[in-house]
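> Quick one: structure below, then a few questions.
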Amino acid sequence: MGMAVTSNPGRRGTAALVPLAGVAFASIAASSAALAQDFYAGKQLTIIVANTAGSGYDAYGRLLGRHIVKYIPGKPIVIVQNMPGAGSIKAVDYTVNVAPKDGTQITLAMPGALIEPLTGDPAKYRYDPRTIAYIGTMDSGTRMCMTWPATKAKSLEDARKGNVVMAATALGSSAYDYPNFINAVAGTKFSVVTGYPGPGAMFLAVERGEADGVCGIDISTYQALRPGWLEGEKKGNPLVQLGLDVNPRATALGFPPIWNFIKPSDKPLVELIVSQQVFQRPFLAPPGTPPAQLKALRAAFMAALKDPDLLAEAKKSKIELSAKSGEEVEALVKKIYSAPKELIARMAKVIRP
């Protein structure tokens, strides 16, 4: 008796499904792009910058605004508006609770506004950073502390010996939180004076002698607003650089890393605090932004950060770029919020002494 030969319908069916699945996926992607193009055509995209005009954050927001339109389906008009206040909390609150949730507004906020609800009283905040739609971050930055040339504190060691006044905007800003946590882990004697509307006013206060220096300010803001503080006739005193990794440029400018001044047991605490710098220039959209618009904005954001004209402009203006996607920022925010409760409690204590 000869062996019967039979077909394998299951196998044939699977093979047949492979190209069909690819076609279906391509169809969904094309449909999403078409939806976004139909939506944005003839509309306006507003970029809210949660800092003052002329600040480092303003420079980043306007740089993106000039180039992202090339990559958004439908080519909407892009405008940039400033909304400073409460260390970006005002703008984030507006974005979550007031702004249209249709993809016509994105906000560039300071990362402290996304960490603040973790360490403060949750009842004071009308938003949960874990629910925000993240577009991406333009930079993963290094923050630095420095003093005016005429002050006595010319190093972090000097700041351990006597009071050093640092200018800041408000509680919750890095200029407020960072000097306080450095006091706790490195034994410095920084005192913080708040009330300045933005980095420009803080720098001016130091130059007028109202404060000795500034702390927790990213290197790009120095380069944008006071490049002479880093290199030039008015070069200030470099105290310390802060970041998960050591920044070679900051090192070349004389800023020693924070890791040189802390105990090994404090490393997890410092890592938790400075991890927000990985999303140093985060762009947000309101929770509930339609998937098609969110996908289009995320894709346009990453494409713009590779645009030759944007890159050339950033290089000319000495704006540092280290882009990460919205998905990466979202994952890191959720990771920070899942840190051990005892570590979060200690973080709250050191930045709010």
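Chain labels run A, B, ... following the order of the structure tokens; each chain numbers its residues from 1, and ligands are numbered from 1 in the order shown.
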Please identify the strand (DSSP E) residues within range 97-294 of chain A (assignment by DSSP from backbone atoms) and present them as a VMD selection string.

chain A and resid 105 to 108 133 to 137 143 to 147 164 to 167 190 to 193 213 to 218 237 to 242 282 to 285

> Show me a table, sorted first by chain and then by increasing residue number, of the residues of range 226-316 of chain A having an atom at most 9 Å from range 339-343 of chain A, each with its shortest atom pair and the distance in Å to one decimal, counting only C-alpha atoms and written as a tab-separated table.


```
residue	atom	partner	partner_atom	distance
A:Pro268	CA	A:Leu343	CA	8.1
A:Leu269	CA	A:Leu343	CA	6.5
A:Leu272	CA	A:Ala339	CA	8.2
```

> Export N, CA and C atoms of the chosen residues as a PDB file, in the first residue's frame?


```pdb
ATOM      1  N   PRO A 268      22.681  55.807  45.710  1.00  0.00           N
ATOM      2  CA  PRO A 268      21.318  55.580  45.200  1.00  0.00           C
ATOM      3  C   PRO A 268      20.425  56.806  45.313  1.00  0.00           C
ATOM      4  N   LEU A 269      20.591  57.564  46.387  1.00  0.00           N
ATOM      5  CA  LEU A 269      19.795  58.776  46.571  1.00  0.00           C
ATOM      6  C   LEU A 269      20.129  59.810  45.507  1.00  0.00           C
ATOM      7  N   LEU A 272      18.817  58.841  42.092  1.00  0.00           N
ATOM      8  CA  LEU A 272      17.380  59.070  41.952  1.00  0.00           C
ATOM      9  C   LEU A 272      17.097  60.542  41.662  1.00  0.00           C
TER      10      LEU A 272
END
```

> Please provide as a PyMOL selection string all residues within 8 Å of range 160-163 of chain A, with the sequence filter that same-chain residues fewer than 5 positions apart are discarded (counting only C-alpha atoms).

chain A and resi 153+186-191

> Store the residues picked out above, limited to N, CA and C atoms, as a PDB file, in the first residue's frame.


```pdb
ATOM      1  N   ALA A 153      33.824  81.808  48.101  1.00  0.00           N
ATOM      2  CA  ALA A 153      33.678  80.370  47.862  1.00  0.00           C
ATOM      3  C   ALA A 153      34.035  80.063  46.415  1.00  0.00           C
ATOM      4  N   ALA A 186      26.887  66.363  50.781  1.00  0.00           N
ATOM      5  CA  ALA A 186      28.282  66.790  50.642  1.00  0.00           C
ATOM      6  C   ALA A 186      28.730  67.748  51.733  1.00  0.00           C
ATOM      7  N   GLY A 187      27.822  68.109  52.654  1.00  0.00           N
ATOM      8  CA  GLY A 187      28.215  68.943  53.787  1.00  0.00           C
ATOM      9  C   GLY A 187      28.448  70.397  53.458  1.00  0.00           C
ATOM     10  N   THR A 188      27.894  70.881  52.353  1.00  0.00           N
ATOM     11  CA  THR A 188      28.042  72.291  52.014  1.00  0.00           C
ATOM     12  C   THR A 188      27.097  73.149  52.850  1.00  0.00           C
ATOM     13  N   LYS A 189      27.276  74.458  52.756  1.00  0.00           N
ATOM     14  CA  LYS A 189      26.459  75.384  53.540  1.00  0.00           C
ATOM     15  C   LYS A 189      25.788  76.411  52.622  1.00  0.00           C
ATOM     16  N   PHE A 190      25.127  75.887  51.591  1.00  0.00           N
ATOM     17  CA  PHE A 190      24.380  76.756  50.696  1.00  0.00           C
ATOM     18  C   PHE A 190      23.103  77.236  51.380  1.00  0.00           C
ATOM     19  N   SER A 191      22.758  78.491  51.164  1.00  0.00           N
ATOM     20  CA  SER A 191      21.431  78.986  51.511  1.00  0.00           C
ATOM     21  C   SER A 191      20.815  79.517  50.223  1.00  0.00           C
TER      22      SER A 191
END
```

> Between CA of Pro282 in chain A and CA of Ile319 in chain A, what distance in Å does the model show, to one decimal?

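Between these atoms lies a distance of 15.0 Å.
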
> Just want the 8 Å neighbourhood of Lys101 in chain A, counted on only C-alpha atoms, with same-chain residues fewer than 5 positions away dropped. Output as a VMD selection string.

chain A and resid 285 to 290

> Assign secondary structure with DSSP using the backbone only, and return the residues of range 97-238 of chain A in helix (DSSP H, G or I) as a ChimeraX atom specification.

/A:97,112-119,122-124,129-131,156-159,174-186,199-207,219-225,227-230
